[in-house]
Amino acid sequence: MNRNIAIAAVIAAVAVGVVVGVIGTVGIGTKTGTAPTTPAGTSTPAEAPVQVPTQTPVTRLSGSIVIDGSSTVYPITEAIAEEFSKKNPDVKVTVGISGTGGGFKRFTLGETDINDSSRPITDKERAAAKENNIRWVEIPIALEGLSIVVHRDNNLFPNDCISIEELREIWKPDSTIKKWSDLNPAYPAQEIRLYGAGPDSGTFDYFTEHVVGKARASRTDYIPSEDDNVLVQGVSTDRYSLGYIPLAYAEHAQDRLKILKVSKEKNGECIFPDGKSIIQGTYPLSRPLFIHVNYDKIQSRQELKEFVLFYLSNAKSAAEKVGYIPLSDTYYKDAIRLINEGRYTPDDDKTFVSIYKEGL
């Protein structure tokens with residue numbers, strides 16, 4: 001299925017509240033939102049899941065699994081949770097969208113089993129987890145590019161390219177750029193209206209660290225949202241807007257907005273975000289996506305362990321379906337083997353990350 005069509009179908013489904021199977025709850029006491037997800041009417045992933053070593057048969061699973069966190073990771077998790085629930089109808093899986101940071105607030109209190117994360121866990125979140133005796137495991141699941149977007153009729157940038165340097169000048173906390181002409185005297189004296197991730201989003205943390213130079217350092221006079229569809233709508237209807245959103249959302253809306261190329265330095269090589277540039281890391285705003293799993297719960301609850309194994313077995317096809325970049329087959333197989341053999345430790349941010357990096 002064409003990726004854009006697939007995402008469009010799912011966004012439409014989510015928008016009207018269509019929920020398939022038993023995972024119909026989006027958020028439990030969280031902010032809710034919509035995201036591109038598995039197309040309605042699709043019962044199996046587009047490609048066969050990664051083949052894994054034969055596992056010991058388990059009894060009929062039951063229980064509940066609570067997931068919250070990143071709106072960026074949500075489409076992958078939602079698609080996989082739907083398929084898992086069909087195969088295990090006695091397991092109730094709920095998926096919320098509070099943003100990475102908002103999700104971690106719940107995860108570090110022990111309220112959720114898995115946090116969808118568009119960045120690694122922070123030192124502050126590690127400390128909160130330790131204080132509450134919550135141990136965790138960090139597992140990469142896919143790659144994604146953060147796109148810089150403007151209105152489709154914006155032709156101001158030469159070669160449709162913007163540099164990290166220019167983005168920094170626009171987004172830094174003490175920025176004096178209020179109008180397009182402040183960025184370049186040749187541009188119109190029209191106010192730049194900015195759209196970006198809200199402060200509870202992992203995308204906000206990533207963007208500020210990699211563009212501004214310091215995590216969570218940003219001007220505040222912009223329109224924030226943890227719901228990426230809100231940002232798409234804002235940029236696409238505002239001629240003098242500029243924003244940053246996950247690539248999958250931007251690709252779906254290319255008839256309404258323009259994705260800019262990005263260069264590391266002004267007048268440097270301009271790179272367009274696509275599968276090749278993201279995998280190779282040449283696109284300056286490429287990043288891995290994660291799930292963070294409660295260590296003690298995956299050790300003691302069979303339904304959670306089987307869900308994580310199912311997740312890794314199907315992450316490749318789910319990522320491709322919603323427009324993200326999967327990791328290598330070797331990574332998924334190795335990660336599954338590590339889960340089955342229990343070869344990971346509490347507060348583990350190295351075991352799975354190291355085998356992911358080996359495959360790049």
# chains A, B, ... in the order shown; residues from 1 in each chain; ligands from 1
>>> select_by_dssp(residues="region 204-252 of chain A", states="strand (DSSP E or B)", output="ChimeraX atom specification")
/A:223-225,241-246
>>> write_last_selection(atoms="N, CA and C atoms", output="PDB file, in the first residue's frame")
ATOM      1  N   ILE A 223       3.691  28.570  18.764  1.00  0.00           N
ATOM      2  CA  ILE A 223       2.490  27.773  19.006  1.00  0.00           C
ATOM      3  C   ILE A 223       2.916  26.330  19.237  1.00  0.00           C
ATOM      4  N   PRO A 224       2.792  25.836  20.492  1.00  0.00           N
ATOM      5  CA  PRO A 224       3.256  24.487  20.806  1.00  0.00           C
ATOM      6  C   PRO A 224       2.114  23.474  20.811  1.00  0.00           C
ATOM      7  N   SER A 225       2.461  22.228  20.538  1.00  0.00           N
ATOM      8  CA  SER A 225       1.487  21.143  20.695  1.00  0.00           C
ATOM      9  C   SER A 225       2.217  19.808  20.757  1.00  0.00           C
ATOM     10  N   SER A 241       4.336  30.896   8.079  1.00  0.00           N
ATOM     11  CA  SER A 241       4.675  30.019   9.200  1.00  0.00           C
ATOM     12  C   SER A 241       5.964  29.251   8.934  1.00  0.00           C
ATOM     13  N   LEU A 242       6.526  28.700  10.017  1.00  0.00           N
ATOM     14  CA  LEU A 242       7.645  27.767   9.949  1.00  0.00           C
ATOM     15  C   LEU A 242       7.533  26.861  11.169  1.00  0.00           C
ATOM     16  N   GLY A 243       7.777  25.576  10.976  1.00  0.00           N
ATOM     17  CA  GLY A 243       7.658  24.665  12.101  1.00  0.00           C
ATOM     18  C   GLY A 243       8.531  23.441  11.944  1.00  0.00           C
ATOM     19  N   TYR A 244       8.546  22.613  12.993  1.00  0.00           N
ATOM     20  CA  TYR A 244       9.243  21.328  12.929  1.00  0.00           C
ATOM     21  C   TYR A 244       8.311  20.215  13.402  1.00  0.00           C
ATOM     22  N   ILE A 245       8.259  19.124  12.622  1.00  0.00           N
ATOM     23  CA  ILE A 245       7.377  17.998  12.906  1.00  0.00           C
ATOM     24  C   ILE A 245       8.038  16.710  12.428  1.00  0.00           C
ATOM     25  N   PRO A 246       7.631  15.566  12.952  1.00  0.00           N
ATOM     26  CA  PRO A 246       8.160  14.293  12.449  1.00  0.00           C
ATOM     27  C   PRO A 246       7.909  14.139  10.953  1.00  0.00           C
TER      28      PRO A 246
END
>>> residues_around(residues="Asp228 (chain A)", least_positions_apart="6", cutoff="12 Å", atoms="only C-alpha atoms", output="PyMOL selection string")
chain A and resi 11+32-36+70-75+97-99+146-147+195-198+201+203-204+234-235+243-250+252-253
>>> select_by_dssp(residues="region 95-204 of chain A", states="helix (DSSP H, G or I)", output="short mmCIF file (atom, residue, chain, number, x, y, z; two decimals) with all heavy atoms, in the first residue's frame")
data_model
loop_
_atom_site.label_atom_id
_atom_site.label_comp_id
_atom_site.auth_asym_id
_atom_site.auth_seq_id
_atom_site.Cartn_x
_atom_site.Cartn_y
_atom_site.Cartn_z
N THR A 100 6.72 12.35 25.14
CA THR A 100 7.75 11.55 25.80
C THR A 100 7.92 11.96 27.27
O THR A 100 7.92 11.11 28.17
CB THR A 100 9.10 11.70 25.08
OG1 THR A 100 8.98 11.23 23.74
CG2 THR A 100 10.19 10.91 25.78
N GLY A 101 8.08 13.25 27.51
CA GLY A 101 8.27 13.71 28.88
C GLY A 101 7.06 13.47 29.76
O GLY A 101 7.19 13.05 30.91
N GLY A 102 5.87 13.73 29.22
CA GLY A 102 4.65 13.48 29.98
C GLY A 102 4.49 12.00 30.30
O GLY A 102 4.06 11.63 31.40
N GLY A 103 4.85 11.16 29.33
CA GLY A 103 4.78 9.73 29.56
C GLY A 103 5.76 9.26 30.62
O GLY A 103 5.46 8.41 31.45
N PHE A 104 6.97 9.83 30.59
CA PHE A 104 7.98 9.45 31.58
C PHE A 104 7.54 9.83 33.00
O PHE A 104 7.91 9.16 33.98
CB PHE A 104 9.32 10.09 31.27
CG PHE A 104 10.24 9.21 30.46
CD1 PHE A 104 10.80 9.66 29.29
CD2 PHE A 104 10.55 7.92 30.90
CE1 PHE A 104 11.65 8.85 28.54
CE2 PHE A 104 11.39 7.11 30.16
CZ PHE A 104 11.95 7.57 28.98
N LYS A 105 6.78 10.90 33.14
CA LYS A 105 6.29 11.26 34.47
C LYS A 105 5.44 10.13 35.05
O LYS A 105 5.53 9.82 36.25
CB LYS A 105 5.47 12.55 34.39
CG LYS A 105 6.30 13.79 34.08
CD LYS A 105 5.42 15.01 33.89
CE LYS A 105 6.26 16.23 33.50
NZ LYS A 105 5.43 17.44 33.23
N ARG A 106 4.65 9.50 34.22
CA ARG A 106 3.82 8.38 34.66
C ARG A 106 4.66 7.11 34.82
O ARG A 106 4.50 6.35 35.78
CB ARG A 106 2.69 8.12 33.67
CG ARG A 106 1.75 9.30 33.46
CD ARG A 106 0.57 8.89 32.58
NE ARG A 106 -0.24 7.89 33.26
CZ ARG A 106 -1.00 6.99 32.64
NH1 ARG A 106 -1.00 6.92 31.32
NH2 ARG A 106 -1.73 6.14 33.32
N PHE A 107 5.55 6.89 33.86
CA PHE A 107 6.38 5.69 33.88
C PHE A 107 7.26 5.63 35.13
O PHE A 107 7.39 4.57 35.75
CB PHE A 107 7.25 5.67 32.62
CG PHE A 107 8.13 4.46 32.47
CD1 PHE A 107 7.61 3.26 31.99
CD2 PHE A 107 9.47 4.51 32.81
CE1 PHE A 107 8.43 2.13 31.85
CE2 PHE A 107 10.30 3.40 32.67
CZ PHE A 107 9.77 2.21 32.19
N ASP A 123 18.73 12.40 32.59
CA ASP A 123 19.24 12.22 33.95
C ASP A 123 18.17 12.51 34.99
O ASP A 123 18.08 11.82 36.02
CB ASP A 123 20.45 13.14 34.17
CG ASP A 123 21.67 12.72 33.38
OD1 ASP A 123 21.72 11.55 32.93
OD2 ASP A 123 22.58 13.56 33.21
N LYS A 124 17.35 13.52 34.75
CA LYS A 124 16.28 13.86 35.69
C LYS A 124 15.26 12.73 35.78
O LYS A 124 14.79 12.40 36.88
CB LYS A 124 15.60 15.16 35.23
CG LYS A 124 14.51 15.64 36.17
CD LYS A 124 13.91 16.96 35.68
CE LYS A 124 12.81 17.44 36.63
NZ LYS A 124 12.22 18.72 36.15
N GLU A 125 14.94 12.12 34.66
CA GLU A 125 13.99 11.01 34.66
C GLU A 125 14.59 9.75 35.29
O GLU A 125 13.89 9.00 35.98
CB GLU A 125 13.52 10.74 33.23
CG GLU A 125 12.64 11.85 32.69
CD GLU A 125 12.59 11.93 31.17
OE1 GLU A 125 13.37 11.22 30.50
OE2 GLU A 125 11.77 12.72 30.65
N ARG A 126 15.89 9.55 35.09
CA ARG A 126 16.58 8.44 35.76
C ARG A 126 16.47 8.60 37.28
O ARG A 126 16.19 7.64 38.01
CB ARG A 126 18.06 8.42 35.37
CG ARG A 126 18.36 8.04 33.94
CD ARG A 126 19.82 8.36 33.63
NE ARG A 126 20.14 8.19 32.23
CZ ARG A 126 20.72 7.11 31.71
NH1 ARG A 126 21.04 6.11 32.51
NH2 ARG A 126 20.98 7.04 30.43
N ALA A 127 16.69 9.82 37.75
CA ALA A 127 16.65 10.08 39.19
C ALA A 127 15.24 9.86 39.74
O ALA A 127 15.08 9.30 40.83
CB ALA A 127 17.12 11.51 39.47
N ALA A 128 14.23 10.30 38.98
CA ALA A 128 12.85 10.11 39.43
C ALA A 128 12.51 8.63 39.50
O ALA A 128 11.85 8.17 40.45
CB ALA A 128 11.90 10.84 38.49
N ALA A 129 12.96 7.87 38.52
CA ALA A 129 12.71 6.43 38.53
C ALA A 129 13.40 5.77 39.71
O ALA A 129 12.80 4.94 40.42
CB ALA A 129 13.20 5.82 37.22
N LYS A 130 14.63 6.14 39.97
CA LYS A 130 15.37 5.55 41.09
C LYS A 130 14.71 5.87 42.41
O LYS A 130 14.61 5.01 43.31
CB LYS A 130 16.81 6.07 41.08
CG LYS A 130 17.69 5.44 42.14
CD LYS A 130 19.13 5.90 42.00
CE LYS A 130 20.03 5.21 43.03
NZ LYS A 130 21.45 5.64 42.89
N GLU A 131 14.23 7.09 42.56
CA GLU A 131 13.57 7.50 43.79
C GLU A 131 12.33 6.66 44.06
O GLU A 131 11.98 6.39 45.22
CB GLU A 131 13.19 8.99 43.71
CG GLU A 131 12.52 9.53 44.96
CD GLU A 131 12.19 11.00 44.83
OE1 GLU A 131 12.67 11.65 43.87
OE2 GLU A 131 11.45 11.52 45.70
N PRO A 158 16.45 29.93 -0.77
CA PRO A 158 17.14 29.44 -1.97
C PRO A 158 17.30 27.92 -1.92
O PRO A 158 17.71 27.37 -0.91
CB PRO A 158 18.50 30.14 -1.90
CG PRO A 158 18.27 31.34 -1.03
CD PRO A 158 17.24 30.93 -0.03
N ASN A 159 16.91 27.26 -3.00
CA ASN A 159 17.00 25.81 -3.08
C ASN A 159 16.15 25.12 -2.02
O ASN A 159 16.37 23.96 -1.69
CB ASN A 159 18.47 25.36 -2.94
CG ASN A 159 18.67 23.92 -3.38
OD1 ASN A 159 17.94 23.40 -4.23
ND2 ASN A 159 19.66 23.25 -2.79
N ASP A 160 15.17 25.86 -1.49
CA ASP A 160 14.30 25.32 -0.43
C ASP A 160 15.13 24.68 0.68
O ASP A 160 14.86 23.57 1.15
CB ASP A 160 13.32 24.28 -1.01
CG ASP A 160 12.23 24.92 -1.85
OD1 ASP A 160 11.91 26.10 -1.60
OD2 ASP A 160 11.70 24.25 -2.76
N ILE A 164 21.11 24.74 9.96
CA ILE A 164 20.98 24.63 11.41
C ILE A 164 21.29 25.97 12.06
O ILE A 164 20.65 26.38 13.03
CB ILE A 164 21.93 23.54 11.96
CG1 ILE A 164 21.52 22.15 11.43
CG2 ILE A 164 21.93 23.55 13.48
CD1 ILE A 164 20.18 21.65 11.92
N GLU A 165 22.26 26.70 11.49
CA GLU A 165 22.61 28.02 12.01
C GLU A 165 21.42 28.98 11.95
O GLU A 165 21.14 29.70 12.93
CB GLU A 165 23.78 28.58 11.20
CG GLU A 165 24.23 29.97 11.63
CD GLU A 165 25.33 30.52 10.74
OE1 GLU A 165 26.00 29.72 10.05
OE2 GLU A 165 25.52 31.75 10.74
N GLU A 166 20.71 28.98 10.83
CA GLU A 166 19.54 29.86 10.71
C GLU A 166 18.44 29.43 11.67
O GLU A 166 17.77 30.27 12.29
CB GLU A 166 19.04 29.83 9.27
CG GLU A 166 19.95 30.54 8.28
CD GLU A 166 19.52 30.32 6.85
OE1 GLU A 166 19.33 29.14 6.45
OE2 GLU A 166 19.39 31.32 6.10
N LEU A 167 18.24 28.12 11.80
CA LEU A 167 17.23 27.62 12.73
C LEU A 167 17.56 28.02 14.16
O LEU A 167 16.68 28.39 14.95
CB LEU A 167 17.12 26.10 12.62
CG LEU A 167 16.45 25.56 11.37
CD1 LEU A 167 16.65 24.06 11.26
CD2 LEU A 167 14.96 25.89 11.36
N ARG A 168 18.84 27.96 14.50
CA ARG A 168 19.26 28.35 15.86
C ARG A 168 18.95 29.82 16.11
O ARG A 168 18.46 30.18 17.20
CB ARG A 168 20.75 28.08 16.03
CG ARG A 168 21.27 28.38 17.44
CD ARG A 168 22.77 28.08 17.57
NE ARG A 168 23.03 26.68 17.24
CZ ARG A 168 23.73 26.28 16.19
NH1 ARG A 168 24.24 27.17 15.35
NH2 ARG A 168 23.93 24.99 15.96
N GLU A 169 19.23 30.66 15.13
CA GLU A 169 18.96 32.09 15.30
C GLU A 169 17.46 32.35 15.48
O GLU A 169 17.07 33.25 16.22
CB GLU A 169 19.49 32.87 14.10
CG GLU A 169 21.01 32.95 14.04
CD GLU A 169 21.59 33.61 15.27
OE1 GLU A 169 21.10 34.70 15.65
OE2 GLU A 169 22.51 33.03 15.87
N ILE A 170 16.64 31.56 14.82
CA ILE A 170 15.20 31.73 14.93
C ILE A 170 14.68 31.24 16.27
O ILE A 170 13.84 31.90 16.91
CB ILE A 170 14.48 30.98 13.79
CG1 ILE A 170 14.80 31.62 12.43
CG2 ILE A 170 12.97 30.96 14.02
CD1 ILE A 170 14.32 30.81 11.24
N TRP A 171 15.17 30.10 16.75
CA TRP A 171 14.55 29.40 17.88
C TRP A 171 15.23 29.62 19.23
O TRP A 171 14.67 29.23 20.27
CB TRP A 171 14.49 27.91 17.58
CG TRP A 171 13.40 27.55 16.61
CD1 TRP A 171 13.52 27.40 15.26
CD2 TRP A 171 12.03 27.32 16.92
NE1 TRP A 171 12.30 27.07 14.71
CE2 TRP A 171 11.36 27.02 15.70
CE3 TRP A 171 11.28 27.33 18.10
CZ2 TRP A 171 10.00 26.73 15.65
CZ3 TRP A 171 9.93 27.04 18.04
CH2 TRP A 171 9.29 26.75 16.82
N TRP A 180 10.19 37.90 8.95
CA TRP A 180 11.02 37.25 7.94
C TRP A 180 12.18 38.15 7.51
O TRP A 180 13.29 37.68 7.25
CB TRP A 180 10.16 36.86 6.73
CG TRP A 180 9.31 35.66 6.99
CD1 TRP A 180 8.00 35.63 7.38
CD2 TRP A 180 9.73 34.30 6.93
NE1 TRP A 180 7.57 34.34 7.55
CE2 TRP A 180 8.61 33.49 7.27
CE3 TRP A 180 10.93 33.67 6.60
CZ2 TRP A 180 8.68 32.10 7.30
CZ3 TRP A 180 11.00 32.29 6.63
CH2 TRP A 180 9.88 31.51 6.98
N SER A 181 11.93 39.44 7.47
CA SER A 181 12.98 40.39 7.06
C SER A 181 14.11 40.46 8.07
O SER A 181 15.22 40.91 7.74
CB SER A 181 12.39 41.78 6.83
OG SER A 181 11.67 42.22 7.97
N ASP A 182 13.86 40.04 9.31
CA ASP A 182 14.93 39.99 10.31
C ASP A 182 15.91 38.86 10.00
O ASP A 182 17.09 38.93 10.37
CB ASP A 182 14.36 39.78 11.71
CG ASP A 182 13.50 40.94 12.18
OD1 ASP A 182 13.76 42.07 11.73
OD2 ASP A 182 12.57 40.71 12.97
N LEU A 183 15.43 37.84 9.32
CA LEU A 183 16.28 36.73 8.93
C LEU A 183 17.09 37.07 7.68
O LEU A 183 18.25 36.71 7.56
CB LEU A 183 15.42 35.48 8.67
CG LEU A 183 16.14 34.16 8.41
CD1 LEU A 183 16.96 33.74 9.63
CD2 LEU A 183 15.11 33.06 8.07
N GLY A 202 9.24 14.64 23.58
CA GLY A 202 10.64 14.29 23.34
C GLY A 202 11.18 15.00 22.11
O GLY A 202 12.39 15.25 22.01
N THR A 203 10.29 15.31 21.18
CA THR A 203 10.69 16.05 19.99
C THR A 203 11.21 17.44 20.37
O THR A 203 12.18 17.95 19.80
CB THR A 203 9.52 16.16 19.00
OG1 THR A 203 9.12 14.85 18.61
CG2 THR A 203 9.91 16.96 17.77
N PHE A 204 10.58 18.06 21.36
CA PHE A 204 11.02 19.36 21.87
C PHE A 204 12.43 19.24 22.44
O PHE A 204 13.32 20.06 22.15
CB PHE A 204 10.05 19.86 22.94
CG PHE A 204 10.49 21.12 23.65
CD1 PHE A 204 10.28 22.37 23.09
CD2 PHE A 204 11.10 21.05 24.90
CE1 PHE A 204 10.68 23.53 23.74
CE2 PHE A 204 11.50 22.20 25.57
CZ PHE A 204 11.29 23.44 24.98
#
>>> closest_atom_pairs(of="region 132-230 of chain A", to="region 328-352 of chain A", cutoff="10 Å", atoms="only C-alpha atoms", output="JSON lines")
{"residue": "A:Ile134", "atom": "CA", "partner": "A:Asp347", "partner_atom": "CA", "distance": 8.7}
{"residue": "A:Arg135", "atom": "CA", "partner": "A:Asp347", "partner_atom": "CA", "distance": 5.4}
{"residue": "A:Trp136", "atom": "CA", "partner": "A:Asp347", "partner_atom": "CA", "distance": 4.7}
{"residue": "A:Val137", "atom": "CA", "partner": "A:Asp348", "partner_atom": "CA", "distance": 4.8}
{"residue": "A:Glu138", "atom": "CA", "partner": "A:Asp349", "partner_atom": "CA", "distance": 5.1}
{"residue": "A:Ile139", "atom": "CA", "partner": "A:Phe352", "partner_atom": "CA", "distance": 5.6}
{"residue": "A:Pro140", "atom": "CA", "partner": "A:Phe352", "partner_atom": "CA", "distance": 6.8}
{"residue": "A:Ile141", "atom": "CA", "partner": "A:Tyr332", "partner_atom": "CA", "distance": 8.2}
{"residue": "A:Ala142", "atom": "CA", "partner": "A:Ser328", "partner_atom": "CA", "distance": 9.1}
>>> closest_atom_pairs(of="region 230-323 of chain A", to="region 81-86 of chain A", cutoff="12 Å", atoms="only C-alpha atoms", output="JSON lines")
{"residue": "A:Glu303", "atom": "CA", "partner": "A:Phe84", "partner_atom": "CA", "distance": 10.3}
{"residue": "A:Leu304", "atom": "CA", "partner": "A:Phe84", "partner_atom": "CA", "distance": 11.0}
{"residue": "A:Glu306", "atom": "CA", "partner": "A:Phe84", "partner_atom": "CA", "distance": 9.2}
{"residue": "A:Phe307", "atom": "CA", "partner": "A:Phe84", "partner_atom": "CA", "distance": 7.0}
{"residue": "A:Val308", "atom": "CA", "partner": "A:Ala81", "partner_atom": "CA", "distance": 10.0}
{"residue": "A:Leu309", "atom": "CA", "partner": "A:Phe84", "partner_atom": "CA", "distance": 10.4}
{"residue": "A:Phe310", "atom": "CA", "partner": "A:Phe84", "partner_atom": "CA", "distance": 7.1}
{"residue": "A:Tyr311", "atom": "CA", "partner": "A:Ala81", "partner_atom": "CA", "distance": 7.9}
{"residue": "A:Leu312", "atom": "CA", "partner": "A:Ala81", "partner_atom": "CA", "distance": 11.7}
{"residue": "A:Ser313", "atom": "CA", "partner": "A:Phe84", "partner_atom": "CA", "distance": 11.0}
{"residue": "A:Asn314", "atom": "CA", "partner": "A:Glu83", "partner_atom": "CA", "distance": 9.3}
{"residue": "A:Ala315", "atom": "CA", "partner": "A:Ala81", "partner_atom": "CA", "distance": 10.8}
{"residue": "A:Ser317", "atom": "CA", "partner": "A:Glu83", "partner_atom": "CA", "distance": 11.9}
{"residue": "A:Ala318", "atom": "CA", "partner": "A:Glu83", "partner_atom": "CA", "distance": 10.2}
>>> write_last_selection(atoms="N, CA and C atoms", output="mmCIF file, in the first residue's frame")
data_model
loop_
_atom_site.group_PDB
_atom_site.id
_atom_site.type_symbol
_atom_site.label_atom_id
_atom_site.label_comp_id
_atom_site.auth_asym_id
_atom_site.auth_seq_id
_atom_site.Cartn_x
_atom_site.Cartn_y
_atom_site.Cartn_z
ATOM 1 N N GLU A 303 2.650 -11.715 29.987
ATOM 2 C CA GLU A 303 1.971 -10.999 28.907
ATOM 3 C C GLU A 303 2.777 -9.802 28.441
ATOM 4 N N LEU A 304 3.505 -9.150 29.360
ATOM 5 C CA LEU A 304 4.325 -8.002 28.972
ATOM 6 C C LEU A 304 5.559 -8.460 28.192
ATOM 7 N N GLU A 306 5.823 -11.166 26.376
ATOM 8 C CA GLU A 306 5.378 -11.604 25.056
ATOM 9 C C GLU A 306 5.017 -10.418 24.171
ATOM 10 N N PHE A 307 4.488 -9.348 24.770
ATOM 11 C CA PHE A 307 4.177 -8.153 23.985
ATOM 12 C C PHE A 307 5.453 -7.525 23.439
ATOM 13 N N VAL A 308 6.493 -7.420 24.264
ATOM 14 C CA VAL A 308 7.747 -6.825 23.808
ATOM 15 C C VAL A 308 8.367 -7.681 22.706
ATOM 16 N N LEU A 309 8.314 -8.999 22.857
ATOM 17 C CA LEU A 309 8.818 -9.884 21.797
ATOM 18 C C LEU A 309 8.020 -9.707 20.514
ATOM 19 N N PHE A 310 6.716 -9.593 20.641
ATOM 20 C CA PHE A 310 5.844 -9.386 19.479
ATOM 21 C C PHE A 310 6.149 -8.033 18.835
ATOM 22 N N TYR A 311 6.398 -7.044 19.674
ATOM 23 C CA TYR A 311 6.720 -5.701 19.191
ATOM 24 C C TYR A 311 7.970 -5.747 18.311
ATOM 25 N N LEU A 312 9.033 -6.363 18.811
ATOM 26 C CA LEU A 312 10.282 -6.421 18.066
ATOM 27 C C LEU A 312 10.151 -7.281 16.812
ATOM 28 N N SER A 313 9.290 -8.286 16.858
ATOM 29 C CA SER A 313 9.077 -9.139 15.685
ATOM 30 C C SER A 313 8.351 -8.407 14.570
ATOM 31 N N ASN A 314 7.559 -7.408 14.929
ATOM 32 C CA ASN A 314 6.723 -6.716 13.945
ATOM 33 C C ASN A 314 7.076 -5.243 13.754
ATOM 34 N N ALA A 315 8.125 -4.786 14.430
ATOM 35 C CA ALA A 315 8.483 -3.363 14.355
ATOM 36 C C ALA A 315 8.869 -2.939 12.942
ATOM 37 N N SER A 317 7.830 -4.018 9.891
ATOM 38 C CA SER A 317 6.691 -3.784 8.992
ATOM 39 C C SER A 317 5.825 -2.640 9.484
ATOM 40 N N ALA A 318 5.661 -2.517 10.800
ATOM 41 C CA ALA A 318 4.846 -1.426 11.335
ATOM 42 C C ALA A 318 5.501 -0.082 11.074
#
>>> closest_residue(among="A:Thr122, A:Ser300, A:Ser354, A:Ser286", to="Phe207 (chain A)", atoms="only C-alpha atoms")
A:Ser286
